[in-house]
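Student: Below is the file structure.txt, with compact mmCIF, C-alpha atoms.
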```txt
# COMPACT_ATOMS: atom_id res chain seq x y z
CA MET S 298 14.81 -29.47 -1.92
CA LYS S 299 15.59 -27.02 -4.70
CA ARG S 300 11.93 -27.01 -5.75
CA LEU S 301 10.86 -26.34 -2.18
CA LYS S 302 13.29 -23.44 -1.92
CA LYS S 303 12.08 -22.06 -5.24
CA SER S 304 8.45 -22.37 -4.18
CA LEU S 305 9.09 -20.69 -0.85
CA SER S 306 10.93 -17.86 -2.59
CA LEU S 307 7.98 -17.36 -4.92
CA VAL S 308 5.55 -17.44 -1.99
CA LEU S 309 7.67 -14.83 -0.19
CA LEU S 310 7.81 -12.67 -3.32
CA PHE S 311 4.07 -12.98 -3.82
CA SER S 312 3.42 -11.99 -0.20
CA LEU S 313 5.70 -8.96 -0.49
CA VAL S 314 3.97 -7.85 -3.70
CA SER S 315 0.56 -8.26 -2.01
CA ILE S 316 1.68 -6.19 0.98
CA ALA S 317 3.10 -3.54 -1.36
CA VAL S 318 -0.23 -3.39 -3.22
CA VAL S 319 -2.17 -2.97 0.04
CA VAL S 320 0.27 -0.41 1.48
CA GLY S 321 0.22 1.37 -1.87
CA GLY S 322 -3.55 1.45 -1.70
CA GLU S 323 -3.46 2.97 1.77
CA ALA S 324 -0.90 5.50 0.59
CA ALA S 325 -3.01 6.24 -2.48
CA GLU S 326 -5.79 7.39 -0.19
CA LYS S 327 -3.46 9.75 1.66
CA VAL S 328 -1.81 11.22 -1.40
CA PRO S 329 -4.40 13.78 -2.69
CA GLN S 330 -2.82 17.21 -2.77
CA ALA S 331 -5.81 19.26 -3.78
CA VAL S 332 -9.52 19.10 -4.42
CA GLN S 333 -11.25 19.95 -7.66
CA VAL S 334 -14.30 21.88 -6.50
CA THR S 335 -17.04 22.42 -9.05
CA ILE S 336 -20.00 24.72 -8.53
CA ARG S 337 -22.92 24.45 -10.90
CA THR S 338 -25.36 27.29 -10.65
CA ILE S 339 -28.90 26.51 -11.72
CA LEU S 340 -31.94 28.71 -11.85
CA ALA S 341 -35.10 26.84 -10.94
CA GLY S 342 -38.50 28.34 -11.60
CA ASN S 343 -42.10 27.70 -12.42
CA LYS S 344 -42.65 30.04 -15.36
CA SER S 345 -41.98 27.43 -18.02
CA ASP S 346 -41.34 23.72 -18.45
CA GLU S 347 -37.83 24.16 -19.81
CA PHE S 348 -35.27 21.64 -18.66
CA ASP S 349 -31.78 22.62 -19.74
CA PRO S 350 -30.17 19.65 -21.59
CA LYS S 351 -26.85 20.59 -19.94
CA LEU S 352 -28.38 19.43 -16.67
CA LYS S 353 -29.36 16.00 -17.96
CA ASP S 354 -26.84 14.29 -15.65
CA MET S 355 -28.46 16.00 -12.64
CA GLU S 356 -32.05 15.30 -13.57
CA ALA S 357 -32.54 12.71 -10.85
CA GLN S 358 -31.22 15.13 -8.24
CA LEU S 359 -33.21 18.14 -9.44
CA LYS S 360 -36.62 16.62 -10.12
CA PRO S 361 -37.45 16.05 -6.42
CA LEU S 362 -37.14 19.82 -5.87
CA LYS S 363 -40.52 20.14 -7.59
CA TYR S 364 -39.80 23.12 -9.84
CA ARG S 365 -41.06 23.12 -13.40
CA SER S 366 -37.99 24.56 -15.09
CA TYR S 367 -34.25 24.27 -14.58
CA ARG S 368 -31.72 26.37 -16.44
CA SER S 369 -27.94 26.20 -16.07
CA LEU S 370 -26.52 29.66 -15.37
CA LYS S 371 -22.86 28.82 -14.99
CA ASP S 372 -20.37 26.08 -14.20
CA ASP S 373 -17.23 27.00 -12.33
CA GLY S 374 -14.45 24.62 -11.36
CA GLN S 375 -11.28 25.34 -9.42
CA SER S 376 -8.52 23.29 -7.87
CA VAL S 377 -8.27 24.09 -4.18
CA PRO S 378 -5.38 22.92 -1.96
CA TRP S 379 -6.19 21.39 1.41
CA GLN S 380 -6.99 24.10 3.93
CA GLY S 381 -6.85 26.58 1.05
CA THR S 382 -9.69 28.97 0.31
CA LYS S 383 -11.33 29.61 -3.03
CA SER S 384 -14.24 31.90 -3.78
CA PHE S 385 -16.82 31.44 -6.49
CA ASP S 386 -19.03 34.22 -7.78
CA ILE S 387 -22.69 33.38 -7.57
CA PRO S 388 -25.30 35.44 -9.42
CA GLY S 389 -26.98 38.14 -7.39
CA GLY S 390 -23.80 39.54 -5.82
CA ARG S 391 -23.25 36.43 -3.80
CA THR S 392 -20.01 34.64 -3.08
CA LEU S 393 -19.46 31.02 -2.20
CA THR S 394 -16.24 30.34 -0.33
CA VAL S 395 -15.00 26.76 -0.08
CA VAL S 396 -12.26 25.37 2.18
CA PRO S 397 -11.40 21.66 1.77
CA GLN S 398 -10.56 20.48 5.26
CA GLU S 399 -9.72 16.79 5.22
CA PHE S 400 -9.92 13.55 3.29
CA GLN S 401 -10.90 10.51 5.27
CA ASN S 402 -12.61 7.24 4.36
CA ASN S 403 -13.01 8.44 0.79
CA ARG S 404 -14.92 11.48 2.02
CA ILE S 405 -14.00 15.09 1.63
CA ALA S 406 -14.86 17.54 4.37
CA LEU S 407 -15.72 20.94 2.90
CA LYS S 408 -16.28 24.13 4.82
CA VAL S 409 -18.70 26.21 2.79
CA ARG S 410 -19.65 29.84 3.36
CA LEU S 411 -22.24 31.73 1.35
CA THR S 412 -22.26 35.49 1.62
CA GLN S 413 -24.20 38.27 0.01
CA GLY S 414 -22.05 41.34 -0.09
CA ASP S 415 -20.51 41.43 3.37
CA LYS S 416 -23.38 39.63 5.05
CA PRO S 417 -22.97 35.95 5.83
CA VAL S 418 -25.89 33.87 4.65
CA LEU S 419 -24.84 30.34 5.46
CA ASP S 420 -21.90 28.59 7.10
CA THR S 421 -21.76 24.83 6.91
CA THR S 422 -19.33 21.95 7.03
CA VAL S 423 -20.28 19.01 4.86
CA ARG S 424 -18.60 15.67 4.26
CA ILE S 425 -19.23 14.41 0.76
CA THR S 426 -18.15 11.24 -0.95
CA ASN S 427 -15.15 11.78 -3.21
CA LYS S 428 -16.50 12.84 -6.61
CA GLY S 429 -19.92 13.31 -5.05
CA ASN S 430 -21.99 16.45 -4.54
CA PHE S 431 -24.64 18.10 -2.45
CA ILE S 432 -27.26 20.71 -3.26
CA LEU S 433 -27.54 24.12 -1.71
CA GLY S 434 -30.69 25.91 -2.74
CA GLY S 435 -33.20 28.53 -1.82
CA PRO S 436 -31.75 31.96 -2.64
CA PRO S 437 -34.18 33.90 -4.85
CA HIS S 438 -32.91 35.19 -8.18
CA GLU S 439 -34.61 36.76 -11.19
CA GLY S 440 -38.03 35.50 -10.22
CA GLY S 441 -36.76 32.00 -9.62
CA THR S 442 -34.65 30.16 -7.11
CA LEU S 443 -30.96 29.48 -7.23
CA VAL S 444 -29.85 25.90 -6.84
CA LEU S 445 -26.13 25.25 -6.38
CA SER S 446 -24.59 21.86 -6.91
CA ILE S 447 -21.33 21.70 -4.98
CA SER S 448 -19.10 18.78 -5.91
CA ALA S 449 -15.58 17.84 -4.95
CA ALA S 450 -13.05 15.37 -6.29
CA ALA S 451 -9.73 14.63 -4.62
CA GLN S 452 -6.76 15.07 -6.97
CA MET A 897 40.78 -27.24 10.49
CA THR A 898 43.85 -29.17 9.26
CA ARG A 899 44.52 -30.26 5.71
CA CYS A 900 43.98 -33.94 6.69
CA GLU A 901 40.56 -33.20 8.20
CA ASP A 902 39.52 -31.34 5.04
CA THR A 903 40.76 -34.13 2.80
CA GLY A 904 39.20 -36.82 5.03
CA LYS A 905 35.81 -35.22 4.54
CA SER A 906 36.29 -35.03 0.78
CA ILE A 907 37.56 -38.55 0.03
CA GLY A 908 34.06 -40.07 -0.13
CA ARG A 909 32.89 -37.36 -2.54
CA TRP A 910 36.10 -37.76 -4.56
CA LEU A 911 35.45 -41.48 -4.92
CA ASP A 912 31.88 -40.71 -6.06
CA GLY A 913 33.23 -38.23 -8.61
CA GLU A 914 31.37 -35.31 -7.02
CA LEU A 915 34.33 -32.90 -6.75
CA ASN A 916 35.22 -30.32 -9.34
CA PRO A 917 38.59 -30.71 -11.15
CA ALA A 918 40.45 -28.26 -8.86
CA GLN A 919 39.15 -29.86 -5.66
CA SER A 920 39.81 -33.31 -7.06
CA ALA A 921 43.43 -32.40 -7.91
CA ALA A 922 43.99 -30.97 -4.42
CA VAL A 923 42.62 -34.11 -2.73
CA CYS A 924 44.70 -36.38 -4.99
CA GLU A 925 47.85 -34.40 -4.29
CA HIS A 926 47.31 -34.55 -0.53
CA MET A 927 46.51 -38.28 -0.55
CA SER A 928 49.68 -39.05 -2.46
CA ASP A 929 51.77 -37.11 0.12
CA CYS A 930 49.91 -38.07 3.31
CA PRO A 931 50.16 -41.73 4.38
CA ALA A 932 47.15 -41.48 6.75
CA CYS A 933 44.84 -40.03 4.12
CA GLY A 934 46.19 -42.47 1.55
CA GLU A 935 45.30 -45.30 3.91
CA GLU A 936 41.79 -43.90 4.44
CA ARG A 937 41.36 -43.77 0.67
CA ARG A 938 42.39 -47.41 0.35
CA GLN A 939 39.96 -48.43 3.11
CA LEU A 940 37.07 -46.61 1.45
CA GLU A 941 37.94 -48.09 -1.95
CA LYS A 942 38.00 -51.53 -0.37
CA ILE A 943 34.56 -51.03 1.21
CA GLU A 944 33.16 -49.78 -2.06
CA THR A 945 34.58 -52.71 -4.01
CA THR A 946 33.21 -55.19 -1.46
CA LEU A 947 29.76 -53.60 -1.47
CA ARG A 948 29.66 -53.53 -5.26
CA SER A 949 30.59 -57.19 -5.55
CA VAL A 950 27.97 -58.18 -2.96
CA LEU A 951 25.28 -56.12 -4.69
CA VAL A 952 26.15 -57.55 -8.10
CA ALA A 953 26.03 -61.09 -6.72
CA GLU A 954 22.73 -60.54 -4.91
CA SER A 955 21.01 -58.65 -7.73
CA ALA A 956 21.56 -61.62 -10.05
CA ARG A 957 19.22 -63.61 -7.82
CA VAL A 958 16.48 -60.96 -7.77
CA GLU A 959 13.60 -61.76 -10.10
CA LEU A 960 12.88 -58.49 -11.91
CA ALA A 961 10.47 -59.77 -14.55
CA PRO A 962 7.35 -59.87 -12.25
CA LEU A 963 8.20 -56.41 -10.97
CA TRP A 964 8.33 -54.94 -14.48
CA ARG A 965 5.16 -56.79 -15.43
CA GLU A 966 3.37 -55.22 -12.47
CA VAL A 967 4.70 -51.76 -13.38
CA ARG A 968 3.56 -52.16 -17.00
CA GLN A 969 0.11 -53.33 -15.89
CA ARG A 970 -0.28 -50.28 -13.68
CA ILE A 971 0.78 -47.95 -16.49
CA GLU A 972 -1.57 -49.53 -19.00
CA ARG A 973 -4.56 -49.87 -16.65
CA LYS A 974 -7.32 -47.38 -17.41
CA ARG A 975 -7.98 -45.21 -14.42
CA ALA A 976 -11.40 -44.08 -13.31
CA TRP A 977 -12.02 -40.32 -13.78
CA TYR A 978 -12.17 -39.66 -10.05
CA GLU A 979 -8.79 -41.29 -9.47
CA GLY A 980 -7.08 -38.70 -11.66
CA LEU A 981 -9.02 -35.95 -9.95
CA LEU A 982 -8.07 -37.25 -6.54
CA GLU A 983 -4.43 -37.50 -7.53
CA ARG A 984 -4.40 -33.96 -8.93
CA SER A 985 -6.11 -32.50 -5.88
CA ARG A 986 -3.70 -34.40 -3.64
CA GLU A 987 -0.79 -32.90 -5.58
CA LEU A 988 -2.36 -29.47 -5.39
CA PHE A 989 -2.88 -29.50 -1.66
CA THR A 990 0.39 -31.11 -0.72
CA ALA A 991 3.20 -28.91 0.51
CA PRO A 992 4.90 -26.93 -0.95
CA ARG A 993 2.03 -26.24 -3.37
CA ALA A 994 -0.42 -25.75 -0.53
CA ALA A 995 1.86 -23.00 0.74
CA TRP A 996 0.50 -20.89 -2.14
CA ALA A 997 -3.00 -21.05 -0.78
CA VAL A 998 -2.19 -19.07 2.37
CA PRO A 999 -0.73 -15.94 0.73
CA VAL A 1000 -3.26 -16.14 -2.11
CA VAL A 1001 -6.16 -16.08 0.38
CA ILE A 1002 -4.48 -13.29 2.39
CA ALA A 1003 -3.78 -11.29 -0.78
CA LEU A 1004 -7.37 -11.70 -1.97
CA LEU A 1005 -8.78 -10.58 1.36
CA LEU A 1006 -6.42 -7.62 1.58
CA GLY A 1007 -7.18 -6.80 -2.04
CA VAL A 1008 -10.92 -6.78 -1.34
CA PHE A 1009 -10.44 -4.46 1.62
CA SER A 1010 -7.98 -2.13 -0.14
CA LEU A 1011 -9.77 -2.03 -3.50
CA ASP A 1012 -11.75 0.93 -2.28
CA SER A 1013 -8.53 2.99 -2.29
CA TYR A 1014 -8.05 2.33 -6.00
CA TRP A 1015 -11.67 2.19 -7.06
CA PRO A 1016 -13.83 4.16 -4.66
CA GLY A 1017 -17.46 3.15 -4.50
CA TRP A 1018 -16.95 -0.22 -6.25
CA ARG A 1019 -18.81 -2.21 -3.63
CA PHE A 1020 -22.33 -0.99 -4.15
CA GLY A 1021 -21.92 1.21 -7.19
CA ALA A 1022 -21.82 4.98 -7.24
CA SER A 1023 -24.64 5.34 -4.79
CA ARG A 1024 -22.69 3.82 -1.92
CA ASN A 1025 -22.58 6.29 1.01
CA SER A 1026 -23.15 9.13 -1.39
CA PHE A 1027 -25.29 11.04 1.10
CA ALA A 1028 -23.38 14.05 2.28
CA ALA A 1029 -23.03 14.30 6.04
CA VAL A 1030 -23.60 17.76 7.43
CA ASP A 1031 -21.32 18.36 10.42
CA SER A 1032 -22.49 21.88 11.20
CA ILE A 1033 -24.83 24.45 9.77
CA ASP A 1034 -25.46 28.09 10.61
CA ALA A 1035 -27.91 30.08 8.52
CA HIS A 1036 -27.41 33.28 10.54
CA GLY A 1037 -31.00 33.58 11.69
CA ARG A 1038 -32.61 32.28 8.53
CA SER A 1039 -34.65 29.10 8.39
CA VAL A 1040 -32.85 26.20 6.86
CA ALA A 1041 -33.95 22.69 6.00
CA LEU A 1042 -31.78 19.67 5.58
CA LEU A 1043 -33.29 17.18 3.17
CA ARG A 1044 -32.21 13.78 2.00
CA GLU A 1045 -33.53 12.40 -1.22
CA ASN A 1046 -33.29 8.65 -1.11
CA GLU A 1047 -33.62 7.81 -4.78
CA SER A 1048 -30.70 9.91 -5.97
CA LYS A 1049 -28.94 9.83 -2.58
CA THR A 1050 -28.76 13.58 -2.57
CA THR A 1051 -28.37 15.82 0.43
CA VAL A 1052 -30.06 19.18 0.02
CA ILE A 1053 -29.55 22.24 2.21
CA TRP A 1054 -32.47 24.57 1.57
CA LEU A 1055 -32.54 28.14 2.78
CA TYR A 1056 -35.85 29.75 3.66
CA GLU A 1057 -36.66 33.21 4.81
CA ASP A 1058 -39.35 34.11 7.29
CA GLN A 1059 -42.36 35.36 5.38
CA GLU A 1060 -41.84 38.90 6.72
CA VAL A 1061 -38.23 38.98 5.67
CA GLU A 1062 -39.12 37.31 2.39
CA ASN A 1063 -41.64 40.03 1.58
CA GLU A 1064 -39.13 42.70 2.46
CA ALA A 1065 -36.56 40.92 0.36
CA ALA A 1066 -38.96 40.73 -2.56
CA GLU A 1067 -39.54 44.44 -2.32
CA GLU A 1068 -35.81 45.07 -2.10
CA GLU A 1069 -35.26 42.70 -4.98
CA SER A 1070 -37.45 44.76 -7.20
CA LYS A 1071 -35.52 47.87 -6.18
CA SER A 1072 -31.99 46.61 -6.16
CA SER A 1073 -30.18 43.30 -5.88
CA PRO A 1074 -31.91 40.13 -4.59
CA ALA A 1075 -31.59 38.96 -1.00
CA PHE A 1076 -32.46 35.85 0.96
```
Could I get this structure in the form of structure tokens?
Tutor:
Amino acid sequence: MKRLKKSLSLVLLFSLVSIAVVVGGEAAEKVPQAVQVTIRTILAGNKSDEFDPKLKDMEAQLKPLKYRSYRSLKDDGQSVPWQGTKSFDIPGGRTLTVVPQEFQNNRIALKVRLTQGDKPVLDTTVRITNKGNFILGGPPHEGGTLVLSISAAAQ
Amino acid sequence: MTRCEDTGKSIGRWLDGELNPAQSAAVCEHMSDCPACGEERRQLEKIETTLRSVLVAESARVELAPLWREVRQRIERKRAWYEGLLERSRELFTAPRAAWAVPVVIALLLGVFSLDSYWPGWRFGASRNSFAAVDSIDAHGRSVALLRENESKTTVIWLYEDQEVENEAAEEESKSSPAF
């Protein structure tokens, strides 16, 4: 009888720990207070075959864009609170404004606005996988084309 | 409950030596003062003595040697490998041990479903659902393309200008700052 009681107590304890782990996991997904937003600015062109070694980790994402050269212009990272707004300077007098909106199913919803001076160029809302990125490209710059990698990681 | 009722319930345990010293002393004291409880004690002692004498007399007639021989044979007999396995599995799946299986299975299932919270993207590697979903897009009159590159699971938003605007922009670019 004592053994049975002991076993049942252990089973109960084990179940409680399991529930705590699961609930903790759920809570872990809700906890993020801010988003680390990183903007990588790349100049793509066709005047040379240079591939900047700093962009090695993005090679698979850049190659399909069919440019001959890729050069990293700047990397900028900022922590942005939910519903907060942060602006990033982009070469050519442009500004990229990012507003993290929500975190759901391990995806971060980002509201992104690209402006040139006072003129809006692009407004978009994108849901990216936590620690993932997307590419925004096309703006001409110094005889090439700007390619922006916008990534976000919940903190 | 009266003192006699309490003592009456404890006499049997007192006779079996199951009471602690304090309880034992209390029962003894009450039995020596209370004729009814003292009588009950004597009756129980009498029954116990009778039973013991009967058991001793009967056990003398029981032949224990064949029983022990059988026990020894069973201990010494070599068991087939599957018998041990069967016995162990029987032990494993007999309550209360089997009770472990239920929470273990539940915990494993919950763990599998909640692992994503601790280790995002574990199920199919980093590429799992890594396409960005575009909820809305407004290029303010410019042409825009939404591309998805399957190999690297990359979503690309590409801005184009109409050729006319592009030419104008190129001219402006040479004069001042670049434009889309």
Student: What's around segment 348-361 of chain S at 10 Å? Count all atoms listed in the file, leave out sequence neighbours fewer than 4 positions away in its own chain, and write the answer as a list in words.
Tutor: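 My list of contacting residues is Arg337, Ile339, Leu340, Ala341, Arg365, Ser366, Tyr367, Arg368, Ser369, Leu370, Phe431, Ile432, Val444 and Ser446 of chain S; Glu1045, Asn1046, Glu1047, Ser1048, Lys1049, Thr1050, Thr1051 and Val1052 of chain A.
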Student: Can you measure atom CA of Pro931 of chain A to atom CA of Asp902 of chain A for me? One decimal in Å is fine.
Tutor: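 Separation between atom CA of Pro931 of chain A and atom CA of Asp902 of chain A: 14.9 Å.
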Student: Do you have the atom CA of Ile336 of chain S-atom CA of Asn402 of chain S distance handy?
Tutor: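 Between atom CA of Ile336 of chain S and atom CA of Asn402 of chain S the gap works out to 22.9 Å.
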Student: What does the distance between atom CA of Val377 of chain S and atom CA of Arg1044 of chain A come to in Å, to one decimal place?
Tutor: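 Going from atom CA of Val377 of chain S over to atom CA of Arg1044 of chain A covers 26.8 Å.
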Student: Select, counting all atoms listed in the file, all protein, DNA and RNA residues no farther than 6 Å from (-14.2, 16.0, -3.3) in file coordinates, and express the selection as number ranges by chain.
Tutor: S: 332, 405, 427-428, 449-451
Student: List the residues sitting within 6 Å of (-25.8, 29.6, 6.7) in the file's frame, using all atoms listed in the file, as a list in words.
Tutor: Val418, Leu419 and Asp420 of chain S; Asp1034, Ala1035 and His1036 of chain A
Student: Which one of S:Leu310, S:Ala331, S:Thr426, S:Asn403 sits closest to Ser1010 of chain A if you count only C-alpha atoms?
Tutor: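 For Ser1010 of chain A, the nearest of the given residues is S:Asn403.
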Student: Tell me, as a PyMOL selection string, which residues lie within 6 Å of Ser448 of chain S, counting all atoms listed in the file; anything in the same chain fewer than 4 positions away does not count.
Tutor: chain S and resi 334-335+429-430
Student: Any chance you can output those residues with C-alpha atoms as a PDB file, in the frame of the given file?
Tutor:
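Result written to part_9.pdb:
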```
ATOM      1  CA  VAL S 334     -14.300  21.880  -6.500  1.00  0.00           C
ATOM      2  CA  THR S 335     -17.040  22.420  -9.050  1.00  0.00           C
ATOM      3  CA  GLY S 429     -19.920  13.310  -5.050  1.00  0.00           C
ATOM      4  CA  ASN S 430     -21.990  16.450  -4.540  1.00  0.00           C
TER       5      ASN S 430
END
```
Student: Determine, counting all atoms listed in the file, which protein, DNA and RNA residues have an atom within 10 Å of an atom of Thr412 of chain S; residues of the same chain fewer than 5 positions away are not included. Present the result as number ranges by chain.
Tutor: S: 387, 390-394, 417-420
Student: So that I can check the surroundings of Ile425 of chain S, please list as a PyMOL selection string every protein, DNA and RNA residue that reaches within 7 Å of it, counting all atoms listed in the file and ignoring chain neighbours fewer than 5 positions away.
Tutor: (chain S and resi 404-406+430) or (chain A and resi 1026-1029)
Student: Which residues come within 6 Å of Val395 of chain S, counting only C-alpha atoms, excluding same-chain residues fewer than 3 positions away, as a list of chain:residue names?
Tutor: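 Listing them by chain and then by number gives S:Thr382, S:Lys383, S:Lys408, S:Val409.
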